[in-house]
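K.L.:
First the structure, which I've put down as structure tokens, then a few questions once you've had a look.
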Protein chains: 2
Amino acid sequence: MMDLAIQFKEKSSQCLYQQIYEYIRDEIRKGKLSAGEKLPSTRLLAENLQVARSTIDAAYGQLVAEGYVEAVSCRGYFVSHVEELFQFPREEREKSPAETGEPETRQNVLYDFSPHAVSLKDFPFATWKKITKNILVDANSEMFALGDAQGDVELRETIGKYLHTSRGVNCRPEQIIIGAGTDYLFMLLEKILGRHVPLAMEEPTYKRAYRIFQSFAYEILAIPMDRSGMNVEKLKKSGARAAYVMPTHQYPTGIVMPIGRRLELLKWAGEKEDRYLIEDDYDSEFRYKGKPIPSLQASDENGKVIYMGTFSKAIAPAIRVSYMVLPLRLLQIYRENCGFYASTVSRIDQRILNEFIREGHFERYLNKMRKIYRGRHDFLLSQFSSMEKDFAVSGENGGLYFLLTSRKKIPEEELILSAAEEGVRVYGISDACMGPLVDTAFKNTVLLGYGDLDEKELAEGIGLLKKSWGVC
Amino acid sequence: MMDLAIQFKEKSSQCLYQQIYEYIRDEIRKGKLSAGEKLPSTRLLAENLQVARSTIDAAYGQLVAEGYVEAVSCRGYFVSHVEELFQFPREEREKSPAETGEPETRQNVLYDFSPHAVSLKDFPFATWKKITKNILVDANSEMFALGDAQGDVELRETIGKYLHTSRGVNCRPEQIIIGAGTDYLFMLLEKILGRHVPLAMEEPTYKRAYRIFQSFAYEILAIPMDRSGMNVEKLKKSGARAAYVMPTHQYPTGIVMPIGRRLELLKWAGEKEDRYLIEDDYDSEFRYKGKPIPSLQASDENGKVIYMGTFSKAIAPAIRVSYMVLPLRLLQIYRENCGFYASTVSRIDQRILNEFIREGHFERYLNKMRKIYRGRHDFLLSQFSSMEKDFAVSGENGGLYFLLTSRKKIPEEELILSAAEEGVRVYGISDACMGPLVDTAFKNTVLLGYGDLDEKELAEGIGLLKKSWGVC
């Protein structure tokens, strides 16, 4: 039996039991106490160290709990057989995040016409706070429990009603799945549609969705567009099983898919049982002329459309609530394949959002934002009128950006670069292309978003753009 | 040119423009107006219907926007070629959710000893509300913007510190990924580890994780356990590339993996570059004897452990915040493969949680709950003492449940059924098995959770159990 030469540290903040435990543990780790060796009995060690026997009991207990030592009844404590402590060479330290981060291109940007920007300045923070406060006043432990995997039924009813009224979507609350963001819902969709789906996407398309679908085992089929949207003849020949489309306001072309094309797509999907259309209705709330364009799902008679939407644009990006409406057949598959995935949105957040919509704040906020965005839209259009002989405008009347196409065929890169020299950031269609930009209709085109720029900023930004592009 | 016999509805809530739009749209849908037909000019129709010309303009404008009608400059408006309206047979109405829901087994349950239950009665709602209120007072639009994909750096720093202090985890905030629940993080992990991973799991294991991994294209390899945890010899022969383990408190066996087995696992993982250990540290906060058992990650010298934890148990299930610590090599892969997936937790929720931890409320709450759970644990142990000749207790000293093994070899099903007859719900090990329950050590065993039962309920529940099992 070995002798344990434990030197207690004076004035140590560690209690005796901790010091004894650590000493023995480290001796075992260093190999100084080897497997099978018997430790002194608790009585003996207590005497030697002049500490209470319960202190030794506690230290040995911890060593047993962590597996350094084994207690053999009636015999005592023995050092366990511990796989010798091997040392791997330390991994080379990898690059720091700053080194690997995306290139910093934002420097010296005075005006950023990002097509993805939204304005948060007018968000009714006070109302949101008040609702949060009220919800928390009534909060009980039930609200802190895990809720329904698809989302709380009250919120699903509210969203269902909203979608029916504003988008013509036909569904029951059971068909709605609430998730923390569209990216998450795409991940669920992968589990529902299966792992190896040949998926048609409009070219150009929403690159973020493309990157996500591409990170799945999906075969992405880039289908060219004509002025009505995805080319159905090419879709038919592609062998796709599903098609991802943005019929209300295609990103980035701004094309509104006419009813004829919609019905062709629905017919295509109806021809085989497992064909589906994924409708991403990402910014349908903002339409500045006439009534809103109904959703594709509204024309769907046969359960072929997976409808997706989000509150990230309409309320705020930080509101991590998106929704997906599944056809009944896919709902069944969802329940079997991933109905057990826990909801990703807290019940408290669901309740706050539900109240915000139910009490009419959402509608009021949307109306306010529509007015603000329409003002910017109209103002920007008016600024473009003097550029008419140099640039053609398209994609207007909805969403939060325009397209400007150079009639003089100045290439996209050149437009972007000369704008950047004046401190203005505009965006190219190429960014939204999966392959090389071949569609001549969208060559020489840039995107200008106005979501987060007020009239003064728009006027100044446009002034700089005109200067940089040499238009008066 | 056709004549449009629009009958305006009297006292209709719809405005005239809407009625004209709908009339023409429906005529086109029914095929009564066919492709290429010219609509009356706006001037003529306005005269005929005795309405303002701007009303007709608006109606035609909407028809054009939705693609029912085309405007040909200098010639007028023509009905578009619309794919004929086909009618599919309506899908058979599927079973209502009530019909397809899980079997209702909760009726007549007086005491539910669920091993997954947690107590929410003692949650400091007032504190949570106060923090929320304060956060929202300071809320600015930046907080409603989309945050970092991995989670806000402040919260990651806080979690990193907490994990280092309480679990010995060694990591930098950059290695932490915050997500809305462990299920979501598993989904991310699939994108990081790849699609076809042969994954070893302990048999029996946490069934929820099993179902999720199984829903991936993973080949699940059930590895038998001995009293130290996963059998490493069997693991070596299995061909697994990764192993999912719960070293601190294995579910459902309650086994604490000793240091020797941990080092064997780390050695196995170290033998090949792409081998990893997934450590699910789901309830490590609750340990009632000695110091907490350190995490497996704490012993990892070579970046082989993916550490996962959650606030769902330690705070409340509705707090949809879990975290994952990635080794540097996998962090790189995460950034490339799914660094663009938007965060699933709202910044507001992240801020609230951060404050809750930083201001010491989390620690206080944990201490309080440890005391409460320890009380229940000790009380239940004392109740079992009179059953000692009939039942062996295991898995004590940590977590929120015990195992009771019948010495008289009464089968699990029988124990569960006779308990149910007295209105008491206990849980079988079979539920946690991927295959048939073969391990004789865990035959005739039930799980008893005490997370959400107070002493009175425990006493009454145990009384009924003793009665049902015929022990005095």
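Each chain of the structure tokens is named A, B, ... in the order shown, its residues numbered from 1; ligands are numbered from 1 in display order.
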Which neighbours of stretch 203-209 of chain B fall inside 6 Å, counting only C-alpha atoms, when residues of the same chain fewer than 5 positions from it are skipped, and could you give them as JSON, numbers by chain?
P.N.:
{"B": [222, 223, 224, 251, 432, 433]}
K.L.:
Extract, using only C-alpha atoms, all DNA, RNA and protein residues at most 10 Å from A:Ala46, discarding same-chain residues fewer than 5 positions from it, and format them as a PyMOL selection string.
P.N.:
chain A and resi 40-41+51-57
K.L.:
Atom CA of A:Tyr276 and atom CA of A:Arg172 are how many Å apart?
P.N.:
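Computing it gives 18.9 Å between the two atoms.
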K.L.:
Under the rule that only C-alpha atoms are counted, which of A:Val197, A:Ile293, A:Met230, A:Ile135 is the nearest residue to chain B?
P.N.:
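The closest residue to chain B is A:Ile293.
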K.L.:
Identify, on the basis of only C-alpha atoms, every residue whose closest approach to A:Leu188 does not exceed 12 Å; exclude the query and any residue fewer than 2 positions from it along the same chain; express the result as an mmCIF file with N, CA, C and O atoms, in the first residue's frame.
P.N.:
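out_14.cif was written with the following content:
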data_model
loop_
_atom_site.group_PDB
_atom_site.id
_atom_site.type_symbol
_atom_site.label_atom_id
_atom_site.label_comp_id
_atom_site.auth_asym_id
_atom_site.auth_seq_id
_atom_site.Cartn_x
_atom_site.Cartn_y
_atom_site.Cartn_z
ATOM 1 N N ALA A 149 -45.254 20.594 -31.379
ATOM 2 C CA ALA A 149 -44.131 20.566 -32.325
ATOM 3 C C ALA A 149 -44.382 21.459 -33.538
ATOM 4 O O ALA A 149 -43.458 22.072 -34.065
ATOM 5 N N GLN A 150 -45.634 21.561 -33.965
ATOM 6 C CA GLN A 150 -45.939 22.385 -35.137
ATOM 7 C C GLN A 150 -46.100 23.864 -34.783
ATOM 8 O O GLN A 150 -46.224 24.699 -35.668
ATOM 9 N N ILE A 177 -47.003 24.677 -40.169
ATOM 10 C CA ILE A 177 -45.883 24.370 -39.282
ATOM 11 C C ILE A 177 -45.090 25.656 -39.059
ATOM 12 O O ILE A 177 -44.684 26.321 -40.016
ATOM 13 N N ILE A 178 -44.929 25.993 -37.795
ATOM 14 C CA ILE A 178 -44.221 27.215 -37.437
ATOM 15 C C ILE A 178 -42.787 26.850 -37.085
ATOM 16 O O ILE A 178 -42.552 25.870 -36.373
ATOM 17 N N GLY A 179 -41.837 27.613 -37.587
ATOM 18 C CA GLY A 179 -40.441 27.303 -37.300
ATOM 19 C C GLY A 179 -39.612 28.563 -37.155
ATOM 20 O O GLY A 179 -40.022 29.643 -37.584
ATOM 21 N N ALA A 180 -38.432 28.404 -36.569
ATOM 22 C CA ALA A 180 -37.555 29.543 -36.317
ATOM 23 C C ALA A 180 -36.794 29.905 -37.588
ATOM 24 O O ALA A 180 -35.607 29.607 -37.718
ATOM 25 N N GLY A 181 -37.483 30.531 -38.518
ATOM 26 C CA GLY A 181 -36.823 30.989 -39.741
ATOM 27 C C GLY A 181 -37.061 30.051 -40.919
ATOM 28 O O GLY A 181 -37.298 28.857 -40.752
ATOM 29 N N THR A 182 -36.972 30.623 -42.108
ATOM 30 C CA THR A 182 -37.228 29.855 -43.323
ATOM 31 C C THR A 182 -36.148 28.801 -43.540
ATOM 32 O O THR A 182 -36.428 27.701 -44.011
ATOM 33 N N ASP A 183 -34.900 29.120 -43.174
ATOM 34 C CA ASP A 183 -33.815 28.157 -43.350
ATOM 35 C C ASP A 183 -34.132 26.859 -42.604
ATOM 36 O O ASP A 183 -33.920 25.759 -43.115
ATOM 37 N N TYR A 184 -34.639 27.008 -41.391
ATOM 38 C CA TYR A 184 -35.004 25.832 -40.606
ATOM 39 C C TYR A 184 -36.126 25.047 -41.294
ATOM 40 O O TYR A 184 -36.081 23.819 -41.366
ATOM 41 N N LEU A 185 -37.115 25.777 -41.822
ATOM 42 C CA LEU A 185 -38.225 25.087 -42.483
ATOM 43 C C LEU A 185 -37.750 24.357 -43.746
ATOM 44 O O LEU A 185 -38.241 23.282 -44.068
ATOM 45 N N PHE A 186 -36.771 24.924 -44.432
ATOM 46 C CA PHE A 186 -36.181 24.207 -45.572
ATOM 47 C C PHE A 186 -35.575 22.884 -45.093
ATOM 48 O O PHE A 186 -35.686 21.854 -45.755
ATOM 49 N N GLU A 190 -36.598 19.106 -46.321
ATOM 50 C CA GLU A 190 -35.715 18.053 -46.820
ATOM 51 C C GLU A 190 -36.118 16.696 -46.242
ATOM 52 O O GLU A 190 -36.093 15.680 -46.936
ATOM 53 N N LYS A 191 -36.504 16.721 -44.965
ATOM 54 C CA LYS A 191 -36.895 15.465 -44.321
ATOM 55 C C LYS A 191 -38.241 14.975 -44.864
ATOM 56 O O LYS A 191 -38.544 13.796 -44.823
ATOM 57 N N ILE A 192 -39.052 15.910 -45.342
ATOM 58 C CA ILE A 192 -40.390 15.543 -45.820
ATOM 59 C C ILE A 192 -40.336 15.076 -47.272
ATOM 60 O O ILE A 192 -40.916 14.064 -47.632
ATOM 61 N N LEU A 193 -39.630 15.818 -48.097
ATOM 62 C CA LEU A 193 -39.603 15.485 -49.532
ATOM 63 C C LEU A 193 -38.647 14.341 -49.831
ATOM 64 O O LEU A 193 -38.754 13.701 -50.874
ATOM 65 N N GLY A 194 -37.728 14.114 -48.926
ATOM 66 C CA GLY A 194 -36.765 13.038 -49.151
ATOM 67 C C GLY A 194 -35.393 13.600 -49.445
ATOM 68 O O GLY A 194 -35.227 14.808 -49.607
ATOM 69 N N ARG A 195 -34.436 12.715 -49.526
ATOM 70 C CA ARG A 195 -33.047 13.144 -49.537
ATOM 71 C C ARG A 195 -32.476 13.453 -50.913
ATOM 72 O O ARG A 195 -31.554 14.219 -51.028
ATOM 73 N N ILE A 212 -28.815 26.713 -49.529
ATOM 74 C CA ILE A 212 -29.346 25.747 -48.564
ATOM 75 C C ILE A 212 -29.744 24.451 -49.257
ATOM 76 O O ILE A 212 -29.362 23.363 -48.829
ATOM 77 N N PHE A 213 -30.484 24.561 -50.356
ATOM 78 C CA PHE A 213 -30.874 23.343 -51.081
ATOM 79 C C PHE A 213 -29.634 22.594 -51.571
ATOM 80 O O PHE A 213 -29.606 21.370 -51.604
ATOM 81 N N PHE A 216 -28.091 20.287 -49.201
ATOM 82 C CA PHE A 216 -28.753 18.985 -49.091
ATOM 83 C C PHE A 216 -28.207 18.118 -50.236
ATOM 84 O O PHE A 216 -27.425 18.567 -51.048
ATOM 85 N N TYR A 323 -43.362 30.303 -41.438
ATOM 86 C CA TYR A 323 -44.404 29.276 -41.444
ATOM 87 C C TYR A 323 -44.412 28.578 -42.791
ATOM 88 O O TYR A 323 -43.938 29.108 -43.803
ATOM 89 N N MET A 324 -44.956 27.379 -42.771
ATOM 90 C CA MET A 324 -45.008 26.543 -43.960
ATOM 91 C C MET A 324 -46.372 25.875 -43.941
ATOM 92 O O MET A 324 -46.802 25.388 -42.887
ATOM 93 N N LEU A 326 -48.447 22.849 -45.444
ATOM 94 C CA LEU A 326 -48.211 21.591 -46.158
ATOM 95 C C LEU A 326 -49.502 21.044 -46.745
ATOM 96 O O LEU A 326 -50.544 21.072 -46.088
ATOM 97 N N LEU A 330 -48.372 15.561 -47.635
ATOM 98 C CA LEU A 330 -47.054 15.820 -47.040
ATOM 99 C C LEU A 330 -47.146 15.993 -45.529
ATOM 100 O O LEU A 330 -46.198 15.689 -44.807
ATOM 101 N N LEU A 331 -48.301 16.475 -45.081
ATOM 102 C CA LEU A 331 -48.489 16.613 -43.634
ATOM 103 C C LEU A 331 -48.358 15.251 -42.959
ATOM 104 O O LEU A 331 -47.730 15.113 -41.908
ATOM 105 N N ILE A 333 -46.644 12.739 -44.059
ATOM 106 C CA ILE A 333 -45.222 12.353 -44.073
ATOM 107 C C ILE A 333 -44.455 13.135 -43.004
ATOM 108 O O ILE A 333 -43.617 12.589 -42.296
ATOM 109 N N TYR A 334 -44.774 14.420 -42.883
ATOM 110 C CA TYR A 334 -44.131 15.225 -41.845
ATOM 111 C C TYR A 334 -44.334 14.581 -40.486
ATOM 112 O O TYR A 334 -43.400 14.446 -39.691
ATOM 113 N N ARG A 335 -45.597 14.193 -40.212
ATOM 114 C CA ARG A 335 -45.898 13.640 -38.882
ATOM 115 C C ARG A 335 -45.129 12.351 -38.637
ATOM 116 O O ARG A 335 -44.657 12.098 -37.531
ATOM 117 N N ASN A 337 -42.210 11.360 -40.284
ATOM 118 C CA ASN A 337 -40.749 11.494 -40.381
ATOM 119 C C ASN A 337 -40.142 12.482 -39.396
ATOM 120 O O ASN A 337 -39.002 12.337 -38.999
ATOM 121 N N CYS A 338 -40.872 13.535 -39.088
ATOM 122 C CA CYS A 338 -40.243 14.531 -38.225
ATOM 123 C C CYS A 338 -41.226 15.243 -37.309
ATOM 124 O O CYS A 338 -40.933 16.321 -36.812
ATOM 125 N N GLY A 339 -42.377 14.628 -37.086
ATOM 126 C CA GLY A 339 -43.338 15.211 -36.151
ATOM 127 C C GLY A 339 -42.798 15.254 -34.733
ATOM 128 O O GLY A 339 -43.324 15.958 -33.877
ATOM 129 N N PHE A 340 -41.714 14.502 -34.489
ATOM 130 C CA PHE A 340 -41.150 14.458 -33.132
ATOM 131 C C PHE A 340 -40.059 15.499 -32.918
ATOM 132 O O PHE A 340 -39.550 15.643 -31.819
ATOM 133 N N TYR A 341 -39.680 16.232 -33.977
ATOM 134 C CA TYR A 341 -38.715 17.321 -33.785
ATOM 135 C C TYR A 341 -39.390 18.409 -32.946
ATOM 136 O O TYR A 341 -40.444 18.916 -33.318
ATOM 137 N N ALA A 342 -38.759 18.804 -31.869
ATOM 138 C CA ALA A 342 -39.363 19.808 -30.986
ATOM 139 C C ALA A 342 -39.441 21.155 -31.704
ATOM 140 O O ALA A 342 -38.609 21.475 -32.543
ATOM 141 N N SER A 343 -40.466 21.913 -31.361
ATOM 142 C CA SER A 343 -40.644 23.243 -31.943
ATOM 143 C C SER A 343 -39.419 24.107 -31.674
ATOM 144 O O SER A 343 -38.795 24.005 -30.625
ATOM 145 N N THR A 344 -39.092 24.958 -32.635
ATOM 146 C CA THR A 344 -37.915 25.808 -32.476
ATOM 147 C C THR A 344 -38.277 27.224 -32.019
ATOM 148 O O THR A 344 -37.405 28.063 -31.895
ATOM 149 N N ASP B 183 -32.676 19.322 -31.015
ATOM 150 C CA ASP B 183 -33.072 18.672 -32.273
ATOM 151 C C ASP B 183 -32.531 19.458 -33.461
ATOM 152 O O ASP B 183 -32.031 18.882 -34.430
ATOM 153 N N TYR B 184 -32.663 20.775 -33.368
ATOM 154 C CA TYR B 184 -32.152 21.616 -34.454
ATOM 155 C C TYR B 184 -30.635 21.467 -34.588
ATOM 156 O O TYR B 184 -30.110 21.363 -35.689
ATOM 157 N N MET B 187 -29.688 18.536 -36.428
ATOM 158 C CA MET B 187 -29.867 18.727 -37.872
ATOM 159 C C MET B 187 -28.654 19.449 -38.472
ATOM 160 O O MET B 187 -28.205 19.136 -39.570
ATOM 161 N N LEU B 188 -28.133 20.413 -37.731
ATOM 162 C CA LEU B 188 -26.913 21.096 -38.189
ATOM 163 C C LEU B 188 -25.747 20.117 -38.229
ATOM 164 O O LEU B 188 -24.946 20.107 -39.169
ATOM 165 N N ILE B 212 -34.185 10.941 -34.258
ATOM 166 C CA ILE B 212 -33.700 12.024 -35.114
ATOM 167 C C ILE B 212 -32.542 11.544 -35.987
ATOM 168 O O ILE B 212 -32.547 11.743 -37.198
ATOM 169 N N SER B 215 -33.753 9.487 -38.726
ATOM 170 C CA SER B 215 -34.424 10.198 -39.809
ATOM 171 C C SER B 215 -33.396 10.782 -40.788
ATOM 172 O O SER B 215 -33.744 11.231 -41.863
ATOM 173 N N PHE B 216 -32.124 10.803 -40.397
ATOM 174 C CA PHE B 216 -31.065 11.158 -41.330
ATOM 175 C C PHE B 216 -30.685 9.884 -42.102
ATOM 176 O O PHE B 216 -31.216 8.824 -41.843
#
K.L.:
Do you know which residues are at most 8 Å from stretch 108-110 of chain B counting only C-alpha atoms, after dropping those on the same chain fewer than 4 positions away, and could you put them as a list in words?
P.N.:
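Within the cut-off, the hits are Ala420, Gly423, Val424, Arg425 and Gly461 of chain B.
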K.L.:
Please run DSSP on the backbone and report, as a ChimeraX atom specification, all residues within stretch 105-345 of chain B that come out as helix (DSSP H, G or I).
P.N.:
/B:125-137,141-144,153-167,173-175,182-193,207-215,232-238,259-270,297-299,328-338
K.L.:
What is the atom CA of A:Ala59 to atom CA of B:Pro247 distance in Å?
P.N.:
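Result for atom CA of A:Ala59 versus atom CA of B:Pro247: 20.4 Å, one decimal.
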K.L.:
What is the distance, in Å and to one decimal place, between atom CA of A:Pro317 and atom CA of B:Glu142?
P.N.:
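These atoms are spaced 10.0 Å apart.
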K.L.:
Could you give me, as an MDAnalysis selection string, the residues within 9 Å of A:Ala459, counting only C-alpha atoms and dropping anything in the same chain fewer than 6 positions from it?
P.N.:
chainID A and resid 379:380 383
